[in-house]
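Source file: my_file31.txt. Holds: compact mmCIF, C-alpha atoms.
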# COMPACT_ATOMS: atom_id res chain seq x y z
CA SER A 1 -7.17 1.91 -14.03
CA ALA A 2 -5.83 -1.62 -13.87
CA VAL A 3 -7.20 -4.98 -12.81
CA ILE A 4 -4.65 -7.23 -11.16
CA SER A 5 -5.03 -10.96 -10.64
CA GLN A 6 -2.83 -12.76 -8.18
CA LYS A 7 -2.39 -16.50 -7.75
CA PRO A 8 -2.53 -18.23 -5.37
CA SER A 9 -4.83 -16.24 -3.14
CA ARG A 10 -3.60 -18.23 -0.18
CA ASP A 11 -1.37 -21.20 0.55
CA ILE A 12 0.02 -23.17 3.44
CA CYS A 13 3.59 -24.30 2.92
CA GLN A 14 6.19 -26.32 4.74
CA ARG A 15 9.39 -24.84 6.06
CA GLY A 16 12.26 -25.05 3.57
CA THR A 17 10.11 -25.13 0.46
CA SER A 18 9.58 -22.38 -2.12
CA LEU A 19 6.42 -20.80 -3.49
CA THR A 20 5.92 -18.75 -6.63
CA ILE A 21 3.24 -16.06 -6.71
CA GLN A 22 1.91 -14.90 -10.05
CA CYS A 23 0.66 -11.42 -10.94
CA GLN A 24 -1.29 -10.77 -14.13
CA VAL A 25 -2.38 -7.26 -15.17
CA ASP A 26 -5.13 -6.54 -17.69
CA SER A 27 -3.06 -3.90 -19.49
CA GLN A 28 0.57 -3.17 -20.26
CA VAL A 29 2.26 -1.34 -17.42
CA THR A 30 5.75 -0.03 -16.98
CA MET A 31 6.00 0.00 -13.21
CA MET A 32 5.21 -3.18 -11.27
CA PHE A 33 5.99 -3.69 -7.59
CA TRP A 34 5.91 -6.40 -4.97
CA TYR A 35 4.96 -5.57 -1.39
CA ARG A 36 4.80 -7.56 1.81
CA GLN A 37 2.18 -6.89 4.47
CA GLN A 38 2.11 -8.64 7.81
CA PRO A 39 -1.49 -9.02 9.04
CA GLY A 40 -2.58 -5.81 10.70
CA GLN A 41 0.59 -4.02 9.63
CA SER A 42 1.68 -1.53 7.01
CA LEU A 43 3.10 -2.24 3.57
CA THR A 44 6.78 -2.88 2.95
CA LEU A 45 8.16 -2.66 -0.56
CA ILE A 46 10.16 -5.73 -1.51
CA ALA A 47 11.23 -4.79 -5.02
CA THR A 48 10.40 -3.12 -8.30
CA ALA A 49 9.98 -5.65 -11.11
CA ASN A 50 11.67 -4.35 -14.24
CA GLN A 51 10.77 -5.73 -17.64
CA GLY A 52 13.82 -7.09 -19.41
CA SER A 53 16.23 -6.58 -16.54
CA GLU A 54 16.83 -7.60 -12.96
CA ALA A 55 14.45 -6.42 -10.29
CA THR A 56 15.48 -3.58 -8.02
CA TYR A 57 15.39 -4.71 -4.40
CA GLU A 58 14.82 -2.59 -1.31
CA SER A 59 17.08 -2.70 1.70
CA GLY A 60 16.64 -5.94 3.59
CA PHE A 61 15.46 -7.98 0.61
CA VAL A 62 17.75 -10.01 -1.63
CA ILE A 63 17.37 -11.74 -4.95
CA ASP A 64 18.34 -15.16 -3.63
CA LYS A 65 15.44 -15.10 -1.18
CA PHE A 66 12.89 -13.31 -3.37
CA PRO A 67 13.69 -13.93 -7.04
CA ILE A 68 11.42 -11.97 -9.37
CA SER A 69 10.67 -12.46 -13.03
CA ARG A 70 9.10 -9.92 -15.39
CA PRO A 71 8.95 -11.51 -18.83
CA ASN A 72 6.60 -8.90 -20.32
CA LEU A 73 4.61 -5.76 -19.50
CA THR A 74 1.57 -7.61 -18.10
CA PHE A 75 3.04 -10.39 -15.96
CA SER A 76 5.42 -10.93 -13.07
CA THR A 77 6.24 -13.61 -10.53
CA LEU A 78 7.66 -13.43 -7.04
CA THR A 79 9.21 -16.53 -5.51
CA VAL A 80 9.65 -16.88 -1.77
CA SER A 81 12.55 -19.28 -1.41
CA ASN A 82 13.55 -21.61 1.41
CA MET A 83 10.61 -20.45 3.47
CA SER A 84 10.55 -20.11 7.22
CA PRO A 85 7.63 -19.19 9.51
CA GLU A 86 8.90 -15.59 9.46
CA ASP A 87 7.91 -15.44 5.79
CA SER A 88 4.26 -15.91 6.70
CA SER A 89 2.66 -12.77 5.35
CA ILE A 90 0.48 -11.28 2.65
CA TYR A 91 2.31 -10.57 -0.59
CA LEU A 92 0.81 -7.89 -2.81
CA CYS A 93 1.44 -7.09 -6.45
CA SER A 94 1.01 -3.42 -7.39
CA VAL A 95 1.23 -1.38 -10.57
CA SER A 96 1.38 2.25 -11.58
CA VAL A 97 -0.35 3.03 -14.86
CA THR A 98 -0.24 6.81 -15.01
CA ASN A 99 2.03 9.60 -13.87
CA THR A 100 -0.47 10.61 -11.19
CA GLY A 101 1.20 8.38 -8.65
CA GLU A 102 -1.83 6.16 -8.08
CA LEU A 103 -0.99 2.56 -7.30
CA PHE A 104 -3.34 -0.31 -8.08
CA PHE A 105 -3.07 -3.46 -5.98
CA GLY A 106 -4.01 -7.07 -6.39
CA GLU A 107 -5.96 -8.77 -3.63
CA GLY A 108 -2.84 -10.32 -2.25
CA SER A 109 -1.49 -13.81 -1.65
CA ARG A 110 -1.70 -14.92 1.98
CA LEU A 111 1.17 -17.26 2.76
CA THR A 112 1.40 -19.37 5.90
CA VAL A 113 4.61 -21.29 6.56
CA LEU A 114 4.49 -24.13 9.07
CA GLN B 1 13.45 11.62 8.13
CA GLN B 2 11.83 9.18 5.78
CA GLN B 3 9.09 8.23 8.23
CA VAL B 4 5.43 9.06 8.09
CA LYS B 5 3.85 8.85 11.53
CA GLN B 6 0.16 7.96 11.60
CA SER B 7 -2.27 8.11 14.49
CA PRO B 8 -4.37 6.73 16.02
CA GLN B 9 -3.64 3.05 15.52
CA SER B 10 -7.34 2.28 15.87
CA LEU B 11 -10.49 4.35 16.00
CA ILE B 12 -14.11 3.65 16.84
CA VAL B 13 -16.72 6.17 15.69
CA GLN B 14 -20.48 6.15 15.89
CA LYS B 15 -22.44 6.11 12.66
CA GLY B 16 -22.95 9.65 11.45
CA GLY B 17 -19.94 10.97 13.31
CA ILE B 18 -16.69 12.43 11.99
CA SER B 19 -13.64 10.19 11.73
CA ILE B 20 -10.26 11.93 11.87
CA ILE B 21 -6.91 10.30 11.16
CA ASN B 22 -3.67 12.22 11.40
CA CYS B 23 -0.26 11.90 9.79
CA ALA B 24 2.99 13.77 10.26
CA TYR B 25 6.18 13.79 8.22
CA GLU B 26 9.68 15.22 8.49
CA ASN B 27 11.01 15.29 4.96
CA THR B 28 10.23 18.69 3.44
CA ALA B 29 10.91 17.24 0.01
CA PHE B 30 7.65 15.28 0.17
CA ASP B 31 5.07 16.79 -2.15
CA TYR B 32 2.54 14.04 -2.77
CA PHE B 33 0.28 12.81 0.02
CA PRO B 34 -2.25 10.05 -0.74
CA TRP B 35 -4.63 8.16 1.49
CA TYR B 36 -5.40 4.51 0.77
CA GLN B 37 -8.32 2.46 2.05
CA GLN B 38 -8.00 -1.28 2.59
CA PHE B 39 -10.82 -3.71 3.33
CA PRO B 40 -10.08 -7.15 4.82
CA GLY B 41 -8.85 -9.58 2.20
CA LYS B 42 -8.35 -6.85 -0.39
CA GLY B 43 -5.46 -4.75 -1.58
CA PRO B 44 -5.31 -1.04 -0.72
CA ALA B 45 -7.11 1.36 -3.04
CA LEU B 46 -6.46 5.07 -3.49
CA LEU B 47 -9.07 7.13 -1.68
CA ILE B 48 -7.89 10.70 -2.11
CA ALA B 49 -4.58 12.53 -2.54
CA ILE B 50 -3.27 16.05 -2.14
CA ARG B 51 -0.28 18.13 -3.10
CA PRO B 52 1.06 20.92 -0.88
CA ASP B 53 -0.08 23.75 -3.14
CA VAL B 54 -3.54 23.48 -1.56
CA SER B 55 -4.55 23.26 2.10
CA GLU B 56 -7.65 21.17 1.62
CA LYS B 57 -9.15 18.74 -0.87
CA LYS B 58 -12.63 17.33 -0.65
CA GLU B 59 -14.17 14.39 -2.45
CA GLY B 60 -17.65 13.57 -1.27
CA ARG B 61 -17.53 12.75 2.44
CA PHE B 62 -13.74 12.52 2.44
CA THR B 63 -11.51 15.55 3.03
CA ILE B 64 -7.75 15.92 3.31
CA SER B 65 -6.51 18.85 5.36
CA PHE B 66 -2.89 19.79 4.81
CA ASN B 67 -0.70 21.98 7.03
CA LYS B 68 2.61 22.56 5.31
CA SER B 69 4.22 24.57 8.11
CA ALA B 70 3.38 21.91 10.68
CA LYS B 71 4.22 19.09 8.26
CA GLN B 72 0.95 17.39 9.02
CA PHE B 73 -2.00 16.16 7.04
CA SER B 74 -5.22 14.52 8.07
CA LEU B 75 -8.17 12.60 6.66
CA HIS B 76 -11.66 13.57 7.73
CA ILE B 77 -14.59 11.28 7.01
CA MET B 78 -17.87 13.12 7.46
CA ASP B 79 -21.11 11.31 8.27
CA SER B 80 -19.16 8.08 8.82
CA GLN B 81 -20.97 4.91 7.75
CA PRO B 82 -20.47 1.25 8.69
CA GLY B 83 -19.25 0.67 5.12
CA ASP B 84 -16.32 2.99 5.88
CA SER B 85 -14.99 0.42 8.36
CA ALA B 86 -11.56 -0.40 6.96
CA THR B 87 -7.88 0.22 7.49
CA TYR B 88 -6.63 3.58 6.26
CA PHE B 89 -3.04 4.30 5.30
CA CYS B 90 -1.49 7.69 4.73
CA ALA B 91 1.61 7.91 2.59
CA ALA B 92 4.04 10.44 1.18
CA SER B 93 6.64 10.76 -1.51
CA PRO B 94 8.83 13.48 -3.01
CA ASP B 95 7.17 12.99 -6.38
CA SER B 96 4.25 10.99 -7.70
CA ASN B 97 6.73 8.87 -9.63
CA TYR B 98 8.73 7.91 -6.57
CA GLN B 99 8.09 5.17 -4.08
CA LEU B 100 5.62 5.90 -1.33
CA ILE B 101 6.59 6.03 2.32
CA TRP B 102 3.65 4.46 4.17
CA GLY B 103 2.16 5.24 7.53
CA ALA B 104 1.46 2.42 9.99
CA GLY B 105 -2.26 2.36 9.27
CA THR B 106 -5.43 3.09 11.25
CA LYS B 107 -8.12 0.51 11.75
CA LEU B 108 -11.42 2.35 11.67
CA ILE B 109 -14.61 0.81 12.99
CA ILE B 110 -17.91 2.60 12.52
CA LYS B 111 -20.52 1.43 15.00
CA PRO B 112 -24.12 1.37 13.74

Since I need it in another form, could you write the structure as structure tokens?
Amino acid sequence: SAVISQKPSRDICQRGTSLTIQCQVDSQVTMMFWYRQQPGQSLTLIATANQGSEATYESGFVIDKFPISRPNLTFSTLTVSNMSPEDSSIYLCSVSVTNTGELFFGEGSRLTVL
Amino acid sequence: QQQVKQSPQSLIVQKGGISIINCAYENTAFDYFPWYQQFPGKGPALLIAIRPDVSEKKEGRFTISFNKSAKQFSLHIMDSQPGDSATYFCAASPDSNYQLIWGAGTKLIIKP
């Protein structure tokens, strides 16, 4: 299993600013992912955070808007840049620690953009 | 073809009753079908998963039924309890190492 800590748990931000979300895992993991979840909605994969190389982004998400760092096997950050109210959402960090396919999630970072 | 269609969107069940959530898929390459449970303010957590070589998998009060020919799978919660009130997501992928395709979610409320 894996225990994932996300910071901040919630924040209220002004339009046009940027916010960095941190994800810390209690063990070394190869696969780390960032998801977005609108309240009451399903999960949408933003990107796979790769250690030592650029993140792999899903269709509709770009590096300039959602830059991701992965400096080591236990930590990653997601930045939401130049925020607009449409970015208000829950951002979830997730990891895969075995080849069973099970994903472990952090508790999420609830972002509100005014 | 990449979609997983989940129904119902919401479900209210009396305590002690059976909760049933259904999912359907199109991509015959899918061979891993998990269900995740999410409580408010928490991230999703794996509840139970199945592969298409079996038609049913049971863990405690939770059962997945899988119909390969119909390309459907469902979650049954027996003797539903108020603590089961949560949002449930089905998902699918062609391999456990590939990204999941998520259903839309079902908000389940168990009335005491």

| What residues in chain A lie within 6 Å of chain B, counting only C-alpha atoms, written as a PyMOL selection string? | chain A and resi 42+100-101+105-107

| What is the distance between CA of Cys23 in chain A and CA of Asp11 in chain A, in Å to one decimal? |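 It comes out at 15.2 Å.
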
| said: Applying 12 Å and all atoms listed in the file, which residues near Ile21 in chain A remain after dropping the ones on its own chain fewer than 5 positions away? List them as a ChimeraX atom specification. | reply: /A:5-11,34-35,66-69,75-81,90-93,106,108-111

Could you please take those selected residues and save C-alpha atoms as an mmCIF file, keeping the file's coordinate frame?
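Printed below is part-v1.cif as written:
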data_model
loop_
_atom_site.group_PDB
_atom_site.id
_atom_site.type_symbol
_atom_site.label_atom_id
_atom_site.label_comp_id
_atom_site.auth_asym_id
_atom_site.auth_seq_id
_atom_site.Cartn_x
_atom_site.Cartn_y
_atom_site.Cartn_z
ATOM 1 C CA SER A 5 -5.030 -10.960 -10.640
ATOM 2 C CA GLN A 6 -2.830 -12.760 -8.180
ATOM 3 C CA LYS A 7 -2.390 -16.500 -7.750
ATOM 4 C CA PRO A 8 -2.530 -18.230 -5.370
ATOM 5 C CA SER A 9 -4.830 -16.240 -3.140
ATOM 6 C CA ARG A 10 -3.600 -18.230 -0.180
ATOM 7 C CA ASP A 11 -1.370 -21.200 0.550
ATOM 8 C CA TRP A 34 5.910 -6.400 -4.970
ATOM 9 C CA TYR A 35 4.960 -5.570 -1.390
ATOM 10 C CA PHE A 66 12.890 -13.310 -3.370
ATOM 11 C CA PRO A 67 13.690 -13.930 -7.040
ATOM 12 C CA ILE A 68 11.420 -11.970 -9.370
ATOM 13 C CA SER A 69 10.670 -12.460 -13.030
ATOM 14 C CA PHE A 75 3.040 -10.390 -15.960
ATOM 15 C CA SER A 76 5.420 -10.930 -13.070
ATOM 16 C CA THR A 77 6.240 -13.610 -10.530
ATOM 17 C CA LEU A 78 7.660 -13.430 -7.040
ATOM 18 C CA THR A 79 9.210 -16.530 -5.510
ATOM 19 C CA VAL A 80 9.650 -16.880 -1.770
ATOM 20 C CA SER A 81 12.550 -19.280 -1.410
ATOM 21 C CA ILE A 90 0.480 -11.280 2.650
ATOM 22 C CA TYR A 91 2.310 -10.570 -0.590
ATOM 23 C CA LEU A 92 0.810 -7.890 -2.810
ATOM 24 C CA CYS A 93 1.440 -7.090 -6.450
ATOM 25 C CA GLY A 106 -4.010 -7.070 -6.390
ATOM 26 C CA GLY A 108 -2.840 -10.320 -2.250
ATOM 27 C CA SER A 109 -1.490 -13.810 -1.650
ATOM 28 C CA ARG A 110 -1.700 -14.920 1.980
ATOM 29 C CA LEU A 111 1.170 -17.260 2.760
#

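Look at Gly52 in chain A: the protein and nucleic acid residues within 10 Å of it, using all atoms listed in the file and passing over chain neighbours fewer than 3 places away, are A:Ala49, A:Ala55, A:Ser69, A:Arg70, A:Pro71, A:Asn72, A:Leu73.
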
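Distance check against Gly16 in chain A using all atoms listed in the file: of A:Phe104, A:Lys65, A:Thr74, A:Thr98, the minimum falls on A:Lys65.
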
With N, CA, C and O atoms as the target, complete range 11-31 of chain B and hand it back as a compact mmCIF listing (two decimals), keeping the file's coordinate frame.
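The file below, result17.txt, is the result:
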# COMPACT_ATOMS: atom_id res chain seq x y z
N LEU B 11 -9.52 3.29 15.76
CA LEU B 11 -10.49 4.35 16.00
C LEU B 11 -11.89 3.78 15.88
O LEU B 11 -12.19 3.07 14.92
N ILE B 12 -12.71 4.07 16.87
CA ILE B 12 -14.11 3.65 16.84
C ILE B 12 -14.97 4.91 16.84
O ILE B 12 -14.82 5.77 17.71
N VAL B 13 -15.87 4.99 15.86
CA VAL B 13 -16.72 6.17 15.69
C VAL B 13 -18.15 5.71 15.51
O VAL B 13 -18.41 4.69 14.86
N GLN B 14 -19.07 6.45 16.07
CA GLN B 14 -20.48 6.15 15.89
C GLN B 14 -20.91 6.55 14.48
O GLN B 14 -20.41 7.53 13.91
N LYS B 15 -21.86 5.79 13.97
CA LYS B 15 -22.44 6.11 12.66
C LYS B 15 -22.92 7.55 12.65
O LYS B 15 -23.58 8.01 13.59
N GLY B 16 -22.56 8.26 11.58
CA GLY B 16 -22.95 9.65 11.45
C GLY B 16 -21.93 10.62 12.00
O GLY B 16 -22.02 11.83 11.75
N GLY B 17 -20.96 10.12 12.72
CA GLY B 17 -19.94 10.97 13.31
C GLY B 17 -18.82 11.29 12.33
O GLY B 17 -18.84 10.89 11.17
N ILE B 18 -17.84 12.06 12.81
CA ILE B 18 -16.69 12.43 11.99
C ILE B 18 -15.48 11.60 12.43
O ILE B 18 -15.13 11.56 13.60
N SER B 19 -14.86 10.96 11.47
CA SER B 19 -13.64 10.19 11.73
C SER B 19 -12.45 11.05 11.31
O SER B 19 -12.45 11.61 10.21
N ILE B 20 -11.44 11.12 12.17
CA ILE B 20 -10.26 11.93 11.87
C ILE B 20 -9.01 11.11 12.10
O ILE B 20 -8.82 10.55 13.19
N ILE B 21 -8.17 11.03 11.08
CA ILE B 21 -6.91 10.30 11.16
C ILE B 21 -5.80 11.27 10.79
O ILE B 21 -5.93 12.02 9.82
N ASN B 22 -4.74 11.25 11.56
CA ASN B 22 -3.67 12.22 11.40
C ASN B 22 -2.36 11.58 10.97
O ASN B 22 -2.05 10.46 11.36
N CYS B 23 -1.60 12.34 10.19
CA CYS B 23 -0.26 11.90 9.79
C CYS B 23 0.70 13.08 9.86
O CYS B 23 0.31 14.22 9.62
N ALA B 24 1.95 12.76 10.19
CA ALA B 24 2.99 13.77 10.26
C ALA B 24 4.23 13.26 9.54
O ALA B 24 4.49 12.06 9.53
N TYR B 25 4.97 14.17 8.95
CA TYR B 25 6.18 13.79 8.22
C TYR B 25 7.30 14.76 8.55
O TYR B 25 7.07 15.84 9.09
N GLU B 26 8.51 14.38 8.22
CA GLU B 26 9.68 15.22 8.49
C GLU B 26 10.33 15.75 7.21
O GLU B 26 10.86 16.85 7.19
N ASN B 27 10.28 14.95 6.17
CA ASN B 27 11.01 15.29 4.96
C ASN B 27 10.29 16.39 4.18
O ASN B 27 9.21 16.17 3.62
N THR B 28 10.87 17.56 4.13
CA THR B 28 10.23 18.69 3.44
C THR B 28 10.23 18.51 1.93
O THR B 28 9.60 19.29 1.22
N ALA B 29 10.92 17.51 1.45
CA ALA B 29 10.91 17.24 0.01
C ALA B 29 9.65 16.50 -0.44
O ALA B 29 9.36 16.42 -1.62
N PHE B 30 8.89 15.96 0.52
CA PHE B 30 7.65 15.28 0.17
C PHE B 30 6.68 16.28 -0.45
O PHE B 30 6.46 17.37 0.09
N ASP B 31 6.08 15.90 -1.58
CA ASP B 31 5.07 16.79 -2.15
C ASP B 31 3.87 16.05 -2.74
O ASP B 31 3.13 16.60 -3.56
